[in-house]
Amino acid sequence: MSLADTLQPLRARWRQLPEREKNLVWLSLTLVLAALFWQFSLKPAITTLRTADAQARILDAQLQQMRAAQAQAQSLQKQPALDFDEAVRALTATTQQTLGTSAQLSMAGERASVTLKDASPDALADWLAQARLNARSVPIEARLTRGSAADSVTWSGVVMMGLPPR
């Protein structure tokens with residue numbers, strides 16, 4: 001059975017319809033096609049146009065952050081290398097200045113172990129940034145637990161920092 005044979009009863013029924021009903025069928029078919037065209041072609045394009053400015057601002061902000069990180073990385077690469085003893089002195093000074101009595105520093109080979117007790121999140125973040133910049137030291141391992149003092153959040157635990165080789 002061919003397609004023409006299958007469509008033959010529909011064609012006969014179409015010829016028998018009054019002109020008014022034919023017009024209504026064409027109108028409803030046009031409305032359905034217009035709705036589909038709107039839903040799948042125009043609406044997504046208009047939505048994209050409406051949100052393009054906001055997305056561009058977000059992407060520009062991300063680009064600025066990436067450029068700042070790139071500039072910081074390049075400045076770190078240009079800094080002269082520290083030897084082990086200078087790095088230990090810088091890490092010790094940074095720890096005392098930034099964390100004060102909430103941290104205790106101990107050395108184990110080419111690693112420094114920093115034991116924290118109720119350190120504030122801001123001080124911990126500042127210390128990590130200063131340790132990276134001043135002592136060229138990065139965290140290798142961290143086991144921290146979140147605690148809460150009377151009115152703020154604190155961190156306690158151990159952070160292992162890598163130092164330049166001897």
# chains A, B, ... in the order shown; residues from 1 in each chain; ligands from 1
call {"tool": "residues_around", "arguments": {"residues": "Glu86 (chain A)", "least_positions_apart": "2", "cutoff": "12 Å", "atoms": "only C-alpha atoms", "output": "list in words"}}
result
Pro80, Ala81, Leu82, Asp83, Phe84, Val88, Arg89, Ala90, Leu91, Thr92, Ala93, Asn134, Ala135, Arg136, Ser137, Leu163, Pro164, Pro165 and Arg166 of chain A
call {"tool": "residues_around", "arguments": {"residues": "Thr115 (chain A)", "least_positions_apart": "2", "cutoff": "6 Å", "atoms": "only C-alpha atoms", "output": "count of residues only"}}
result
4
call {"tool": "residues_around", "arguments": {"residues": "Asp118 (chain A)", "least_positions_apart": "3", "cutoff": "7 Å", "atoms": "only C-alpha atoms", "output": "list in words"}}
result
Ser102, Thr154, Trp155 and Ser156 of chain A
call {"tool": "residues_around", "arguments": {"residues": "Thr95 (chain A)", "least_positions_apart": "5", "cutoff": "8 Å", "atoms": "only C-alpha atoms", "output": "number ranges by chain"}}
result
A: 100, 103, 105, 127, 131
call {"tool": "select_by_dssp", "arguments": {"residues": "chain A", "states": "strand (DSSP E or B)", "output": "PDB file with N, CA and C atoms, in the first residue's frame"}}
result
ATOM      1  N   ALA A 103      48.337  29.936  66.448  1.00  0.00           N
ATOM      2  CA  ALA A 103      49.070  29.000  65.601  1.00  0.00           C
ATOM      3  C   ALA A 103      50.414  28.661  66.212  1.00  0.00           C
ATOM      4  N   GLN A 104      50.826  27.405  65.982  1.00  0.00           N
ATOM      5  CA  GLN A 104      52.136  26.953  66.431  1.00  0.00           C
ATOM      6  C   GLN A 104      52.813  26.284  65.241  1.00  0.00           C
ATOM      7  N   LEU A 105      54.034  26.709  64.950  1.00  0.00           N
ATOM      8  CA  LEU A 105      54.780  26.233  63.791  1.00  0.00           C
ATOM      9  C   LEU A 105      55.841  25.236  64.228  1.00  0.00           C
ATOM     10  N   SER A 106      55.922  24.094  63.521  1.00  0.00           N
ATOM     11  CA  SER A 106      56.994  23.131  63.778  1.00  0.00           C
ATOM     12  C   SER A 106      57.491  22.605  62.438  1.00  0.00           C
ATOM     13  N   MET A 107      58.780  22.281  62.381  1.00  0.00           N
ATOM     14  CA  MET A 107      59.418  21.835  61.150  1.00  0.00           C
ATOM     15  C   MET A 107      59.574  20.323  61.155  1.00  0.00           C
ATOM     16  N   ALA A 108      59.373  19.713  59.991  1.00  0.00           N
ATOM     17  CA  ALA A 108      59.587  18.277  59.799  1.00  0.00           C
ATOM     18  C   ALA A 108      60.164  18.092  58.399  1.00  0.00           C
ATOM     19  N   ARG A 111      59.084  20.262  55.240  1.00  0.00           N
ATOM     20  CA  ARG A 111      57.692  20.658  55.446  1.00  0.00           C
ATOM     21  C   ARG A 111      57.550  21.364  56.787  1.00  0.00           C
ATOM     22  N   ALA A 112      56.605  22.259  56.803  1.00  0.00           N
ATOM     23  CA  ALA A 112      56.287  22.947  58.047  1.00  0.00           C
ATOM     24  C   ALA A 112      54.877  22.537  58.452  1.00  0.00           C
ATOM     25  N   SER A 113      54.716  22.210  59.700  1.00  0.00           N
ATOM     26  CA  SER A 113      53.407  21.845  60.234  1.00  0.00           C
ATOM     27  C   SER A 113      52.913  23.008  61.091  1.00  0.00           C
ATOM     28  N   VAL A 114      51.746  23.517  60.741  1.00  0.00           N
ATOM     29  CA  VAL A 114      51.173  24.638  61.480  1.00  0.00           C
ATOM     30  C   VAL A 114      49.908  24.125  62.165  1.00  0.00           C
ATOM     31  N   THR A 115      49.939  24.142  63.492  1.00  0.00           N
ATOM     32  CA  THR A 115      48.785  23.702  64.271  1.00  0.00           C
ATOM     33  C   THR A 115      47.969  24.932  64.653  1.00  0.00           C
ATOM     34  N   LEU A 116      46.720  24.927  64.240  1.00  0.00           N
ATOM     35  CA  LEU A 116      45.827  26.061  64.483  1.00  0.00           C
ATOM     36  C   LEU A 116      44.856  25.742  65.601  1.00  0.00           C
ATOM     37  N   LYS A 117      44.563  26.739  66.415  1.00  0.00           N
ATOM     38  CA  LYS A 117      43.552  26.587  67.450  1.00  0.00           C
ATOM     39  C   LYS A 117      42.701  27.844  67.457  1.00  0.00           C
ATOM     40  N   ASP A 118      41.464  27.699  67.058  1.00  0.00           N
ATOM     41  CA  ASP A 118      40.489  28.792  67.026  1.00  0.00           C
ATOM     42  C   ASP A 118      40.985  30.003  66.241  1.00  0.00           C
ATOM     43  N   ALA A 119      41.466  29.754  65.020  1.00  0.00           N
ATOM     44  CA  ALA A 119      41.911  30.845  64.146  1.00  0.00           C
ATOM     45  C   ALA A 119      40.711  31.390  63.377  1.00  0.00           C
ATOM     46  N   VAL A 138      53.331  26.645  49.979  1.00  0.00           N
ATOM     47  CA  VAL A 138      51.944  26.320  49.632  1.00  0.00           C
ATOM     48  C   VAL A 138      51.450  25.168  50.500  1.00  0.00           C
ATOM     49  N   PRO A 139      50.167  25.130  50.788  1.00  0.00           N
ATOM     50  CA  PRO A 139      49.636  24.028  51.590  1.00  0.00           C
ATOM     51  C   PRO A 139      49.694  22.714  50.810  1.00  0.00           C
ATOM     52  N   ILE A 140      50.182  21.686  51.459  1.00  0.00           N
ATOM     53  CA  ILE A 140      50.237  20.359  50.865  1.00  0.00           C
ATOM     54  C   ILE A 140      49.069  19.523  51.369  1.00  0.00           C
ATOM     55  N   GLU A 141      48.780  19.709  52.635  1.00  0.00           N
ATOM     56  CA  GLU A 141      47.706  18.933  53.259  1.00  0.00           C
ATOM     57  C   GLU A 141      47.096  19.792  54.364  1.00  0.00           C
ATOM     58  N   ALA A 142      45.786  19.689  54.492  1.00  0.00           N
ATOM     59  CA  ALA A 142      45.115  20.436  55.549  1.00  0.00           C
ATOM     60  C   ALA A 142      44.038  19.550  56.176  1.00  0.00           C
ATOM     61  N   ARG A 143      44.046  19.494  57.484  1.00  0.00           N
ATOM     62  CA  ARG A 143      43.002  18.794  58.249  1.00  0.00           C
ATOM     63  C   ARG A 143      42.435  19.815  59.227  1.00  0.00           C
ATOM     64  N   LEU A 144      41.392  20.457  58.799  1.00  0.00           N
ATOM     65  CA  LEU A 144      40.809  21.531  59.603  1.00  0.00           C
ATOM     66  C   LEU A 144      39.390  21.162  60.012  1.00  0.00           C
ATOM     67  N   THR A 145      39.019  21.608  61.184  1.00  0.00           N
ATOM     68  CA  THR A 145      37.640  21.447  61.631  1.00  0.00           C
ATOM     69  C   THR A 145      37.093  22.828  61.942  1.00  0.00           C
ATOM     70  N   ARG A 146      35.851  22.973  61.617  1.00  0.00           N
ATOM     71  CA  ARG A 146      35.187  24.257  61.846  1.00  0.00           C
ATOM     72  C   ARG A 146      34.607  24.266  63.248  1.00  0.00           C
ATOM     73  N   GLY A 147      34.921  25.297  63.954  1.00  0.00           N
ATOM     74  CA  GLY A 147      34.381  25.469  65.289  1.00  0.00           C
ATOM     75  C   GLY A 147      33.658  26.795  65.357  1.00  0.00           C
ATOM     76  N   SER A 148      33.038  27.051  66.460  1.00  0.00           N
ATOM     77  CA  SER A 148      32.389  28.350  66.591  1.00  0.00           C
ATOM     78  C   SER A 148      32.649  28.888  67.983  1.00  0.00           C
ATOM     79  N   VAL A 153      32.834  32.199  63.685  1.00  0.00           N
ATOM     80  CA  VAL A 153      33.323  30.899  63.244  1.00  0.00           C
ATOM     81  C   VAL A 153      34.838  30.881  63.366  1.00  0.00           C
ATOM     82  N   THR A 154      35.398  29.744  63.779  1.00  0.00           N
ATOM     83  CA  THR A 154      36.851  29.604  63.882  1.00  0.00           C
ATOM     84  C   THR A 154      37.272  28.290  63.235  1.00  0.00           C
ATOM     85  N   TRP A 155      38.576  28.149  63.007  1.00  0.00           N
ATOM     86  CA  TRP A 155      39.144  26.941  62.429  1.00  0.00           C
ATOM     87  C   TRP A 155      40.238  26.407  63.352  1.00  0.00           C
ATOM     88  N   SER A 156      40.241  25.096  63.524  1.00  0.00           N
ATOM     89  CA  SER A 156      41.292  24.423  64.292  1.00  0.00           C
ATOM     90  C   SER A 156      41.758  23.226  63.482  1.00  0.00           C
ATOM     91  N   GLY A 157      43.018  22.843  63.675  1.00  0.00           N
ATOM     92  CA  GLY A 157      43.541  21.690  62.960  1.00  0.00           C
ATOM     93  C   GLY A 157      44.993  21.883  62.587  1.00  0.00           C
ATOM     94  N   VAL A 158      45.428  21.127  61.572  1.00  0.00           N
ATOM     95  CA  VAL A 158      46.827  21.139  61.147  1.00  0.00           C
ATOM     96  C   VAL A 158      46.894  21.403  59.651  1.00  0.00           C
ATOM     97  N   VAL A 159      47.825  22.280  59.263  1.00  0.00           N
ATOM     98  CA  VAL A 159      48.095  22.566  57.856  1.00  0.00           C
ATOM     99  C   VAL A 159      49.556  22.250  57.596  1.00  0.00           C
ATOM    100  N   MET A 160      49.820  21.370  56.644  1.00  0.00           N
ATOM    101  CA  MET A 160      51.189  21.035  56.243  1.00  0.00           C
ATOM    102  C   MET A 160      51.563  21.922  55.065  1.00  0.00           C
ATOM    103  N   MET A 161      52.674  22.644  55.206  1.00  0.00           N
ATOM    104  CA  MET A 161      53.129  23.566  54.175  1.00  0.00           C
ATOM    105  C   MET A 161      54.418  23.048  53.555  1.00  0.00           C
ATOM    106  N   GLY A 162      54.474  23.101  52.232  1.00  0.00           N
ATOM    107  CA  GLY A 162      55.692  22.725  51.522  1.00  0.00           C
ATOM    108  C   GLY A 162      56.629  23.905  51.440  1.00  0.00           C
TER     109      GLY A 162
END
call {"tool": "closest_residue", "arguments": {"among": "A:Gln96, A:Leu133, A:Val32, A:Leu10", "to": "Ser75 (chain A)", "atoms": "only C-alpha atoms"}}
result
A:Leu133
call {"tool": "select_by_dssp", "arguments": {"residues": "region 86-125 of chain A", "states": "alpha helix (DSSP H)", "output": "list in words"}}
result
Glu86, Ala87, Val88, Arg89, Ala90, Leu91, Thr92, Ala93, Thr94, Thr95, Gln96, Gln97, Thr98, Pro121, Asp122, Ala123, Leu124 and Ala125 of chain A
call {"tool": "decode", "arguments": {"residues": "region 70-113 of chain A", "atoms": "N, CA and C atoms", "output": "mmCIF file, in the first residue's frame"}}
result
data_model
loop_
_atom_site.group_PDB
_atom_site.id
_atom_site.type_symbol
_atom_site.label_atom_id
_atom_site.label_comp_id
_atom_site.auth_asym_id
_atom_site.auth_seq_id
_atom_site.Cartn_x
_atom_site.Cartn_y
_atom_site.Cartn_z
ATOM 1 N N GLN A 70 46.355 36.180 36.597
ATOM 2 C CA GLN A 70 47.495 36.011 35.697
ATOM 3 C C GLN A 70 48.627 36.967 36.069
ATOM 4 N N ALA A 71 48.267 38.217 36.350
ATOM 5 C CA ALA A 71 49.292 39.199 36.733
ATOM 6 C C ALA A 71 49.959 38.787 38.040
ATOM 7 N N GLN A 72 49.179 38.286 38.978
ATOM 8 C CA GLN A 72 49.754 37.843 40.246
ATOM 9 C C GLN A 72 50.677 36.641 40.029
ATOM 10 N N ALA A 73 50.265 35.707 39.194
ATOM 11 C CA ALA A 73 51.106 34.546 38.910
ATOM 12 C C ALA A 73 52.405 34.967 38.231
ATOM 13 N N GLN A 74 52.317 35.894 37.305
ATOM 14 C CA GLN A 74 53.525 36.362 36.620
ATOM 15 C C GLN A 74 54.459 37.094 37.584
ATOM 16 N N SER A 75 53.879 37.857 38.509
ATOM 17 C CA SER A 75 54.748 38.546 39.477
ATOM 18 C C SER A 75 55.397 37.546 40.426
ATOM 19 N N LEU A 76 54.682 36.475 40.767
ATOM 20 C CA LEU A 76 55.287 35.436 41.613
ATOM 21 C C LEU A 76 56.412 34.712 40.872
ATOM 22 N N GLN A 77 56.240 34.502 39.578
ATOM 23 C CA GLN A 77 57.274 33.826 38.804
ATOM 24 C C GLN A 77 58.535 34.682 38.691
ATOM 25 N N LYS A 78 58.371 35.989 38.711
ATOM 26 C CA LYS A 78 59.516 36.894 38.565
ATOM 27 C C LYS A 78 60.287 37.085 39.863
ATOM 28 N N GLN A 79 59.701 36.700 40.993
ATOM 29 C CA GLN A 79 60.388 36.872 42.270
ATOM 30 C C GLN A 79 61.576 35.913 42.352
ATOM 31 N N PRO A 80 62.644 36.360 42.980
ATOM 32 C CA PRO A 80 63.799 35.472 43.113
ATOM 33 C C PRO A 80 63.474 34.297 44.033
ATOM 34 N N ALA A 81 64.103 33.185 43.762
ATOM 35 C CA ALA A 81 63.875 31.985 44.568
ATOM 36 C C ALA A 81 64.456 32.164 45.968
ATOM 37 N N LEU A 82 63.767 31.610 46.946
ATOM 38 C CA LEU A 82 64.253 31.639 48.329
ATOM 39 C C LEU A 82 64.917 30.310 48.649
ATOM 40 N N ASP A 83 65.939 30.361 49.481
ATOM 41 C CA ASP A 83 66.479 29.092 49.963
ATOM 42 C C ASP A 83 65.654 28.654 51.174
ATOM 43 N N PHE A 84 65.930 27.483 51.655
ATOM 44 C CA PHE A 84 65.133 26.871 52.718
ATOM 45 C C PHE A 84 65.109 27.735 53.988
ATOM 46 N N ASP A 85 66.266 28.196 54.420
ATOM 47 C CA ASP A 85 66.338 28.969 55.670
ATOM 48 C C ASP A 85 65.570 30.293 55.571
ATOM 49 N N GLU A 86 65.681 30.979 54.436
ATOM 50 C CA GLU A 86 64.927 32.219 54.251
ATOM 51 C C GLU A 86 63.420 31.951 54.253
ATOM 52 N N ALA A 87 63.014 30.853 53.636
ATOM 53 C CA ALA A 87 61.598 30.505 53.594
ATOM 54 C C ALA A 87 61.070 30.197 54.993
ATOM 55 N N VAL A 88 61.880 29.500 55.809
ATOM 56 C CA VAL A 88 61.469 29.191 57.188
ATOM 57 C C VAL A 88 61.326 30.482 57.985
ATOM 58 N N ARG A 89 62.294 31.385 57.850
ATOM 59 C CA ARG A 89 62.202 32.660 58.567
ATOM 60 C C ARG A 89 60.968 33.454 58.134
ATOM 61 N N ALA A 90 60.718 33.500 56.836
ATOM 62 C CA ALA A 90 59.563 34.248 56.331
ATOM 63 C C ALA A 90 58.252 33.614 56.798
ATOM 64 N N LEU A 91 58.177 32.284 56.783
ATOM 65 C CA LEU A 91 56.956 31.606 57.232
ATOM 66 C C LEU A 91 56.748 31.809 58.729
ATOM 67 N N THR A 92 57.816 31.751 59.494
ATOM 68 C CA THR A 92 57.713 31.985 60.940
ATOM 69 C C THR A 92 57.217 33.402 61.223
ATOM 70 N N ALA A 93 57.797 34.382 60.548
ATOM 71 C CA ALA A 93 57.388 35.780 60.755
ATOM 72 C C ALA A 93 55.932 35.977 60.333
ATOM 73 N N THR A 94 55.551 35.421 59.200
ATOM 74 C CA THR A 94 54.175 35.559 58.713
ATOM 75 C C THR A 94 53.198 34.902 59.683
ATOM 76 N N THR A 95 53.566 33.747 60.207
ATOM 77 C CA THR A 95 52.689 33.041 61.138
ATOM 78 C C THR A 95 52.503 33.846 62.413
ATOM 79 N N GLN A 96 53.585 34.386 62.950
ATOM 80 C CA GLN A 96 53.486 35.170 64.188
ATOM 81 C C GLN A 96 52.701 36.461 63.970
ATOM 82 N N GLN A 97 52.932 37.124 62.851
ATOM 83 C CA GLN A 97 52.263 38.395 62.599
ATOM 84 C C GLN A 97 50.778 38.216 62.295
ATOM 85 N N THR A 98 50.439 37.205 61.514
ATOM 86 C CA THR A 98 49.063 37.070 61.046
ATOM 87 C C THR A 98 48.191 36.267 61.994
ATOM 88 N N LEU A 99 48.710 35.142 62.482
ATOM 89 C CA LEU A 99 47.886 34.259 63.314
ATOM 90 C C LEU A 99 48.143 34.432 64.800
ATOM 91 N N GLY A 100 49.301 34.956 65.154
ATOM 92 C CA GLY A 100 49.609 35.213 66.562
ATOM 93 C C GLY A 100 49.625 33.943 67.397
ATOM 94 N N THR A 101 48.914 33.974 68.516
ATOM 95 C CA THR A 101 48.937 32.841 69.451
ATOM 96 C C THR A 101 48.013 31.706 69.037
ATOM 97 N N SER A 102 47.238 31.892 67.992
ATOM 98 C CA SER A 102 46.332 30.817 67.573
ATOM 99 C C SER A 102 47.026 29.789 66.689
ATOM 100 N N ALA A 103 48.337 29.936 66.448
ATOM 101 C CA ALA A 103 49.070 29.000 65.601
ATOM 102 C C ALA A 103 50.414 28.661 66.212
ATOM 103 N N GLN A 104 50.826 27.405 65.982
ATOM 104 C CA GLN A 104 52.136 26.953 66.431
ATOM 105 C C GLN A 104 52.813 26.284 65.241
ATOM 106 N N LEU A 105 54.034 26.709 64.950
ATOM 107 C CA LEU A 105 54.780 26.233 63.791
ATOM 108 C C LEU A 105 55.841 25.236 64.228
ATOM 109 N N SER A 106 55.922 24.094 63.521
ATOM 110 C CA SER A 106 56.994 23.131 63.778
ATOM 111 C C SER A 106 57.491 22.605 62.438
ATOM 112 N N MET A 107 58.780 22.281 62.381
ATOM 113 C CA MET A 107 59.418 21.835 61.150
ATOM 114 C C MET A 107 59.574 20.323 61.155
ATOM 115 N N ALA A 108 59.373 19.713 59.991
ATOM 116 C CA ALA A 108 59.587 18.277 59.799
ATOM 117 C C ALA A 108 60.164 18.092 58.399
ATOM 118 N N GLY A 109 61.475 18.045 58.297
ATOM 119 C CA GLY A 109 62.131 17.912 56.994
ATOM 120 C C GLY A 109 61.954 19.179 56.189
ATOM 121 N N GLU A 110 61.430 19.038 54.971
ATOM 122 C CA GLU A 110 61.196 20.186 54.103
ATOM 123 C C GLU A 110 59.751 20.657 54.188
ATOM 124 N N ARG A 111 59.084 20.262 55.240
ATOM 125 C CA ARG A 111 57.692 20.658 55.446
ATOM 126 C C ARG A 111 57.550 21.364 56.787
ATOM 127 N N ALA A 112 56.605 22.259 56.803
ATOM 128 C CA ALA A 112 56.287 22.947 58.047
ATOM 129 C C ALA A 112 54.877 22.537 58.452
ATOM 130 N N SER A 113 54.716 22.210 59.700
ATOM 131 C CA SER A 113 53.407 21.845 60.234
ATOM 132 C C SER A 113 52.913 23.008 61.091
#
